[in-house]
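Okay, coords11.pdb now, which holds PDB, C-alpha atoms:
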```pdb
MODEL        1
ATOM      1  CA  ALA W   1      15.484 -39.270  44.428
ATOM      2  CA  GLN W   2      13.951 -37.645  41.404
ATOM      3  CA  SER W   3      10.913 -35.468  40.846
ATOM      4  CA  VAL W   4       9.161 -33.505  38.132
ATOM      5  CA  THR W   5       7.228 -30.257  38.331
ATOM      6  CA  GLN W   6       4.957 -29.185  35.525
ATOM      7  CA  LEU W   7       4.047 -25.522  35.788
ATOM      8  CA  GLY W   8       0.425 -24.967  34.898
ATOM      9  CA  SER W   9      -2.151 -27.712  35.134
ATOM     10  CA  HIS W  10      -4.089 -26.126  32.267
ATOM     11  CA  VAL W  11      -2.773 -24.172  29.292
ATOM     12  CA  SER W  12      -5.055 -22.616  26.689
ATOM     13  CA  VAL W  13      -3.838 -21.338  23.313
ATOM     14  CA  SER W  14      -5.381 -20.239  20.049
ATOM     15  CA  GLU W  15      -5.004 -22.301  16.912
ATOM     16  CA  GLY W  16      -1.788 -21.233  15.192
ATOM     17  CA  ALA W  17      -0.212 -19.841  18.365
ATOM     18  CA  LEU W  18       2.963 -21.022  20.051
ATOM     19  CA  VAL W  19       2.613 -23.911  22.481
ATOM     20  CA  LEU W  20       4.905 -23.842  25.545
ATOM     21  CA  LEU W  21       4.515 -26.448  28.267
ATOM     22  CA  ARG W  22       6.936 -26.167  31.170
ATOM     23  CA  CYS W  23       8.742 -28.973  32.951
ATOM     24  CA  ASN W  24      11.408 -28.760  35.642
ATOM     25  CA  TYR W  25      13.094 -31.808  37.083
ATOM     26  CA  SER W  26      15.129 -32.750  40.092
ATOM     27  CA  SER W  27      17.639 -35.568  39.862
ATOM     28  CA  SER W  28      20.832 -36.368  41.726
ATOM     29  CA  VAL W  29      22.386 -37.932  38.626
ATOM     30  CA  PRO W  30      22.119 -37.149  34.894
ATOM     31  CA  PRO W  31      18.513 -37.710  33.939
ATOM     32  CA  TYR W  32      16.656 -39.249  31.074
ATOM     33  CA  LEU W  33      13.670 -37.052  30.248
ATOM     34  CA  PHE W  34      10.467 -37.761  28.368
ATOM     35  CA  TRP W  35       7.311 -36.084  27.191
ATOM     36  CA  TYR W  36       4.217 -38.222  26.744
ATOM     37  CA  VAL W  37       0.823 -37.225  25.335
ATOM     38  CA  GLN W  38      -2.526 -38.684  26.366
ATOM     39  CA  TYR W  39      -5.603 -38.174  24.219
ATOM     40  CA  PRO W  40      -8.994 -38.656  25.912
ATOM     41  CA  ASN W  41      -9.682 -42.224  27.026
ATOM     42  CA  GLN W  42      -6.391 -43.489  25.611
ATOM     43  CA  GLY W  43      -3.023 -44.618  26.891
ATOM     44  CA  LEU W  44       0.179 -42.587  26.858
ATOM     45  CA  GLN W  45       2.147 -42.080  23.661
ATOM     46  CA  LEU W  46       5.781 -41.022  23.598
ATOM     47  CA  LEU W  47       6.306 -37.577  22.034
ATOM     48  CA  LEU W  48      10.060 -37.280  22.492
ATOM     49  CA  LYS W  49      12.930 -38.189  24.790
ATOM     50  CA  TYR W  50      16.303 -36.896  25.966
ATOM     51  CA  THR W  51      18.921 -39.516  26.827
ATOM     52  CA  SER W  52      22.167 -37.501  26.967
ATOM     53  CA  ALA W  53      22.678 -36.969  23.258
ATOM     54  CA  ALA W  54      21.639 -33.692  21.563
ATOM     55  CA  THR W  55      20.107 -31.188  23.981
ATOM     56  CA  LEU W  56      17.474 -30.070  21.442
ATOM     57  CA  VAL W  57      15.193 -32.988  20.806
ATOM     58  CA  LYS W  58      12.632 -33.216  18.034
ATOM     59  CA  GLY W  59       9.593 -35.406  18.399
ATOM     60  CA  ILE W  60       6.447 -36.372  16.613
ATOM     61  CA  ASN W  61       3.709 -33.987  15.445
ATOM     62  CA  GLY W  62       6.084 -31.000  15.247
ATOM     63  CA  PHE W  63       6.952 -30.876  18.959
ATOM     64  CA  GLU W  64      10.425 -30.287  20.312
ATOM     65  CA  ALA W  65      12.053 -29.823  23.704
ATOM     66  CA  GLU W  66      15.370 -28.468  24.919
ATOM     67  CA  PHE W  67      17.314 -29.921  27.824
ATOM     68  CA  LYS W  68      18.850 -27.103  29.895
ATOM     69  CA  LYS W  69      20.992 -28.514  32.666
ATOM     70  CA  SER W  70      21.685 -25.127  34.276
ATOM     71  CA  GLU W  71      17.949 -24.482  34.601
ATOM     72  CA  THR W  72      16.988 -28.139  35.265
ATOM     73  CA  SER W  73      14.307 -27.693  32.627
ATOM     74  CA  PHE W  74      12.907 -29.644  29.703
ATOM     75  CA  HIS W  75      10.168 -27.429  28.271
ATOM     76  CA  LEU W  76       8.015 -28.646  25.377
ATOM     77  CA  THR W  77       7.274 -26.328  22.452
ATOM     78  CA  LYS W  78       5.468 -26.291  19.131
ATOM     79  CA  PRO W  79       5.516 -23.221  16.874
ATOM     80  CA  SER W  80       1.900 -23.429  15.717
ATOM     81  CA  ALA W  81      -0.894 -25.211  17.591
ATOM     82  CA  HIS W  82      -3.431 -27.388  15.811
ATOM     83  CA  MET W  83      -6.836 -28.362  17.126
ATOM     84  CA  SER W  84      -5.623 -31.966  17.143
ATOM     85  CA  ASP W  85      -2.965 -31.065  19.747
ATOM     86  CA  ALA W  86      -5.623 -30.774  22.455
ATOM     87  CA  ALA W  87      -4.674 -33.433  24.993
ATOM     88  CA  GLU W  88      -2.956 -33.932  28.333
ATOM     89  CA  TYR W  89       0.837 -33.824  28.358
ATOM     90  CA  PHE W  90       3.077 -35.488  30.901
ATOM     91  CA  CYS W  91       6.738 -34.865  31.579
ATOM     92  CA  ALA W  92       8.644 -37.767  33.130
ATOM     93  CA  VAL W  93      12.156 -38.415  34.436
ATOM     94  CA  SER W  94      14.220 -41.558  34.782
ATOM     95  CA  ARG W  95      17.901 -42.263  35.401
ATOM     96  CA  LEU W  96      20.509 -44.924  34.941
ATOM     97  CA  GLY W  97      20.293 -47.567  37.629
ATOM     98  CA  SER W  98      16.642 -47.000  38.460
ATOM     99  CA  ASN W  99      15.330 -49.990  36.470
ATOM    100  CA  TYR W 100      13.998 -47.431  34.026
ATOM    101  CA  LYS W 101      11.257 -46.442  36.453
ATOM    102  CA  LEU W 102       9.539 -43.224  35.442
ATOM    103  CA  THR W 103       8.542 -40.433  37.794
ATOM    104  CA  PHE W 104       5.772 -38.379  36.237
ATOM    105  CA  GLY W 105       4.675 -34.810  36.640
ATOM    106  CA  LYS W 106       1.019 -34.156  37.392
ATOM    107  CA  GLY W 107       0.258 -33.301  33.780
ATOM    108  CA  THR W 108      -0.776 -30.234  31.784
ATOM    109  CA  LEU W 109      -4.067 -30.152  29.927
ATOM    110  CA  LEU W 110      -3.690 -28.279  26.645
ATOM    111  CA  THR W 111      -6.777 -26.655  25.166
ATOM    112  CA  VAL W 112      -6.658 -25.250  21.617
ATOM    113  CA  ASN W 113      -9.240 -22.621  20.761
ATOM    114  CA  PRO W 114     -10.385 -22.011  17.164
TER
ATOM    115  CA  ASN Y 115       2.223 -56.497  16.524
ATOM    116  CA  ALA Y 116      -0.337 -55.507  19.202
ATOM    117  CA  GLY Y 117       2.172 -53.879  21.588
ATOM    118  CA  VAL Y 118       0.797 -53.726  25.139
ATOM    119  CA  THR Y 119      -2.755 -54.919  25.742
ATOM    120  CA  GLN Y 120      -4.841 -54.801  28.921
ATOM    121  CA  THR Y 121      -7.853 -56.842  29.997
ATOM    122  CA  PRO Y 122     -10.532 -55.829  30.902
ATOM    123  CA  LYS Y 123     -11.098 -52.270  29.662
ATOM    124  CA  PHE Y 124     -13.733 -51.454  32.282
ATOM    125  CA  ARG Y 125     -14.787 -53.041  35.552
ATOM    126  CA  VAL Y 126     -17.074 -52.183  38.451
ATOM    127  CA  LEU Y 127     -16.444 -53.876  41.792
ATOM    128  CA  LYS Y 128     -18.146 -53.760  45.150
ATOM    129  CA  THR Y 129     -16.057 -53.021  48.231
ATOM    130  CA  GLY Y 130     -14.333 -56.193  49.407
ATOM    131  CA  GLN Y 131     -14.437 -58.018  46.080
ATOM    132  CA  SER Y 132     -11.284 -59.200  44.370
ATOM    133  CA  MET Y 133     -10.123 -59.080  40.794
ATOM    134  CA  THR Y 134      -7.100 -59.476  38.559
ATOM    135  CA  LEU Y 135      -6.020 -57.166  35.761
ATOM    136  CA  LEU Y 136      -4.048 -58.753  32.944
ATOM    137  CA  CYS Y 137      -1.313 -57.042  30.961
ATOM    138  CA  ALA Y 138       0.276 -58.687  27.949
ATOM    139  CA  GLN Y 139       3.081 -57.489  25.673
ATOM    140  CA  ASP Y 140       4.378 -59.009  22.462
ATOM    141  CA  MET Y 141       7.611 -57.001  22.174
ATOM    142  CA  ASN Y 142       9.737 -59.420  24.225
ATOM    143  CA  HIS Y 143      10.427 -56.682  26.767
ATOM    144  CA  GLU Y 144      12.131 -57.599  30.029
ATOM    145  CA  TYR Y 145      10.686 -54.839  32.209
ATOM    146  CA  MET Y 146       6.998 -54.305  32.968
ATOM    147  CA  TYR Y 147       5.187 -51.786  35.175
ATOM    148  CA  TRP Y 148       1.785 -51.072  36.672
ATOM    149  CA  TYR Y 149       0.664 -47.470  37.261
ATOM    150  CA  ARG Y 150      -2.476 -45.855  38.509
ATOM    151  CA  GLN Y 151      -3.709 -42.511  37.206
ATOM    152  CA  ASP Y 152      -5.878 -40.231  39.317
ATOM    153  CA  PRO Y 153      -7.055 -36.701  38.406
ATOM    154  CA  GLY Y 154      -4.409 -34.109  39.173
ATOM    155  CA  MET Y 155      -1.932 -36.745  40.390
ATOM    156  CA  GLY Y 156      -0.222 -37.847  37.199
ATOM    157  CA  LEU Y 157       0.761 -41.512  37.057
ATOM    158  CA  ARG Y 158       2.096 -43.293  40.118
ATOM    159  CA  LEU Y 159       3.994 -46.557  40.041
ATOM    160  CA  ILE Y 160       2.341 -49.444  41.895
ATOM    161  CA  HIS Y 161       4.657 -52.411  41.211
ATOM    162  CA  TYR Y 162       7.154 -53.366  38.566
ATOM    163  CA  SER Y 163       9.106 -56.351  37.287
ATOM    164  CA  VAL Y 164      12.590 -56.558  35.793
ATOM    165  CA  GLY Y 165      12.134 -60.059  34.421
ATOM    166  CA  GLU Y 166      10.139 -63.265  34.539
ATOM    167  CA  GLY Y 167       9.608 -64.400  38.115
ATOM    168  CA  THR Y 168      10.602 -61.039  39.665
ATOM    169  CA  THR Y 169       8.485 -58.267  41.183
ATOM    170  CA  ALA Y 170       9.212 -55.143  43.205
ATOM    171  CA  LYS Y 171       7.252 -52.420  44.970
ATOM    172  CA  GLY Y 172       6.766 -48.999  43.502
ATOM    173  CA  GLU Y 173       5.513 -45.787  45.043
ATOM    174  CA  VAL Y 174       1.965 -46.902  46.001
ATOM    175  CA  PRO Y 175       1.976 -50.713  46.450
ATOM    176  CA  ASP Y 176      -0.425 -51.105  49.397
ATOM    177  CA  GLY Y 177      -3.552 -53.111  48.601
ATOM    178  CA  TYR Y 178      -2.114 -54.613  45.415
ATOM    179  CA  ASN Y 179      -0.216 -57.763  44.515
ATOM    180  CA  VAL Y 180       1.469 -58.731  41.249
ATOM    181  CA  SER Y 181       2.862 -61.771  39.519
ATOM    182  CA  ARG Y 182       5.116 -62.296  36.483
ATOM    183  CA  LEU Y 183       4.967 -66.007  35.767
ATOM    184  CA  LYS Y 184       5.558 -65.537  32.050
ATOM    185  CA  LYS Y 185       7.762 -62.928  30.433
ATOM    186  CA  GLN Y 186       4.949 -61.554  28.303
ATOM    187  CA  ASN Y 187       2.354 -61.237  31.084
ATOM    188  CA  PHE Y 188       2.141 -59.083  34.212
ATOM    189  CA  LEU Y 189      -0.867 -59.519  36.498
ATOM    190  CA  LEU Y 190      -2.150 -56.962  38.997
ATOM    191  CA  GLY Y 191      -4.404 -58.251  41.767
ATOM    192  CA  LEU Y 192      -6.702 -56.526  44.204
ATOM    193  CA  GLU Y 193      -7.531 -58.924  47.049
ATOM    194  CA  SER Y 194     -10.143 -56.761  48.784
ATOM    195  CA  ALA Y 195     -11.124 -53.742  46.737
ATOM    196  CA  ALA Y 196     -11.673 -50.370  48.414
ATOM    197  CA  PRO Y 197     -13.253 -47.175  47.009
ATOM    198  CA  SER Y 198      -9.798 -45.538  47.199
ATOM    199  CA  GLN Y 199      -8.702 -47.942  44.464
ATOM    200  CA  THR Y 200     -11.113 -46.395  41.980
ATOM    201  CA  SER Y 201      -8.723 -45.278  39.264
ATOM    202  CA  VAL Y 202      -7.462 -45.849  35.752
ATOM    203  CA  TYR Y 203      -4.738 -48.473  35.656
ATOM    204  CA  PHE Y 204      -2.013 -48.513  33.033
ATOM    205  CA  CYS Y 205       0.490 -51.201  32.233
ATOM    206  CA  ALA Y 206       3.756 -50.433  30.480
ATOM    207  CA  SER Y 207       6.821 -52.294  29.271
ATOM    208  CA  SER Y 208      10.375 -51.374  28.357
ATOM    209  CA  ASP Y 209      13.518 -52.949  26.989
ATOM    210  CA  PRO Y 210      16.794 -52.288  28.854
ATOM    211  CA  SER Y 211      18.704 -52.628  25.597
ATOM    212  CA  GLY Y 212      16.434 -50.128  23.865
ATOM    213  CA  GLY Y 213      15.865 -46.418  24.243
ATOM    214  CA  TYR Y 214      14.806 -46.283  27.922
ATOM    215  CA  GLU Y 215      11.219 -45.279  27.113
ATOM    216  CA  GLN Y 216       8.160 -47.192  28.253
ATOM    217  CA  TYR Y 217       5.331 -48.372  26.006
ATOM    218  CA  PHE Y 218       1.863 -48.089  27.487
ATOM    219  CA  GLY Y 219      -1.327 -50.086  27.191
ATOM    220  CA  PRO Y 220      -4.758 -48.494  26.694
ATOM    221  CA  GLY Y 221      -5.730 -48.657  30.362
ATOM    222  CA  THR Y 222      -8.376 -50.258  32.568
ATOM    223  CA  ARG Y 223     -10.976 -48.048  34.217
ATOM    224  CA  LEU Y 224     -11.902 -49.521  37.604
ATOM    225  CA  THR Y 225     -14.720 -48.275  39.805
ATOM    226  CA  VAL Y 226     -15.150 -49.596  43.339
ATOM    227  CA  THR Y 227     -18.511 -48.832  44.942
TER
ENDMDL
END
```

Could you write out this structure as structure tokens?
Amino acid sequence: AQSVTQLGSHVSVSEGALVLLRCNYSSSVPPYLFWYVQYPNQGLQLLLKYTSAATLVKGINGFEAEFKKSETSFHLTKPSAHMSDAAEYFCAVSRLGSNYKLTFGKGTLLTVNP
Amino acid sequence: NAGVTQTPKFRVLKTGQSMTLLCAQDMNHEYMYWYRQDPGMGLRLIHYSVGEGTTAKGEVPDGYNVSRLKKQNFLLGLESAAPSQTSVYFCASSDPSGGYEQYFGPGTRLTVT
């Protein structure tokens, strides 16, 4: 079984501030981990993914995430928030042999204040 | 290359009515998925398919049926709609020989009154 916990359903930052969105996972086997972003009234877009290569993963729009096995975490960061980063962010986990099914966290809504 | 498309974008049903949501992908992906998204719940898997002619249950399959008669299409049916099925429905596809990620459609917003 696998599960994802996203700490904080709503995160608010100022423009230019660090963005940190937290994700912890539970998986009985080595996981594949993903961050997706959803802008209002749109589908989900892949930000970045970890599939057992480098533990520090860089994605689109300046986001990155680090896989920490000892902490079972995959937190998403961006050094400087832009107004355009305001969206909902979902962490998801999959694993080999699961038919690539994704288990999603409940999401974190990011607000960026001017 | 349109990616994953969904039809319709919006629909309002009365309790007990039936409807079919269509998902189409032009990426020649083997795997396809249907999710529902509800506030504060994230996305939950309804049904999925690992190839033409195959379907399997996900986390929340009750009240839904699916069919994958053609590789590029994945249909989600509601035989007798209930207010609890008011949700936003997303289709996704993936390629087992690719990078494990799923590609999502724009969604269908369904309201059952």

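Distance annotation: of Y:Gly219, Y:Gly165, Y:Gly212, Y:Gly117, the residue with the minimal separation from Gln139 (chain Y) is Y:Gly117; atom set is only C-alpha atoms.
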
Chain W contacts on chain Y, only C-alpha atoms, 6 Å, as a PyMOL selection string: chain Y and resi 154-157+218-221

Just to be explicit: take each residue in the selection above, keep C-alpha atoms, and write the result as a short mmCIF file (atom, residue, chain, number, x, y, z; two decimals), in the coordinates of the input.
```cif
data_model
loop_
_atom_site.label_atom_id
_atom_site.label_comp_id
_atom_site.auth_asym_id
_atom_site.auth_seq_id
_atom_site.Cartn_x
_atom_site.Cartn_y
_atom_site.Cartn_z
CA GLY Y 154 -4.41 -34.11 39.17
CA MET Y 155 -1.93 -36.74 40.39
CA GLY Y 156 -0.22 -37.85 37.20
CA LEU Y 157 0.76 -41.51 37.06
CA PHE Y 218 1.86 -48.09 27.49
CA GLY Y 219 -1.33 -50.09 27.19
CA PRO Y 220 -4.76 -48.49 26.69
CA GLY Y 221 -5.73 -48.66 30.36
#
```

Selection near region 120-137 of chain Y, 7 Å with only C-alpha atoms, sequence-local residues under 3 positions removed, as a ChimeraX atom specification: /Y:187-197,205,219-227

Might I get the box with edges along x, y and z of the file that holds all atoms of region 55-62 of chain W listed there, padded by 6 Å on every side, given as centre and edge lengths in Å to one decimal, as AutoDock Vina command-line options?
```
--center_x 11.9 --center_y -33.2 --center_z 19.6 --size_x 28.4 --size_y 18.3 --size_z 20.7
```

Distance criterion (only C-alpha atoms): nearest to Ala65 (chain W) out of W:Leu21, W:Asn113, W:Gln38, W:Val29: W:Leu21

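Distances from W:Leu110, W:Ile60, W:Leu7, W:Ala1 to Arg22 (chain W) were compared using all atoms listed in the file, and the smallest one belongs to W:Leu7.
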
Which residue of W:Leu56, W:Glu88, W:Lys69, W:Ser28 approaches Pro40 (chain W) most closely, using all atoms listed in the file: W:Glu88

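Note that CA of Pro153 (chain Y) and CA of Asp85 (chain W) are 19.9 Å apart.
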
Å distance separating CA of Pro114 (chain W) from CA of Glu64 (chain W), one decimal place: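 These two atoms are separated by 22.6 Å.
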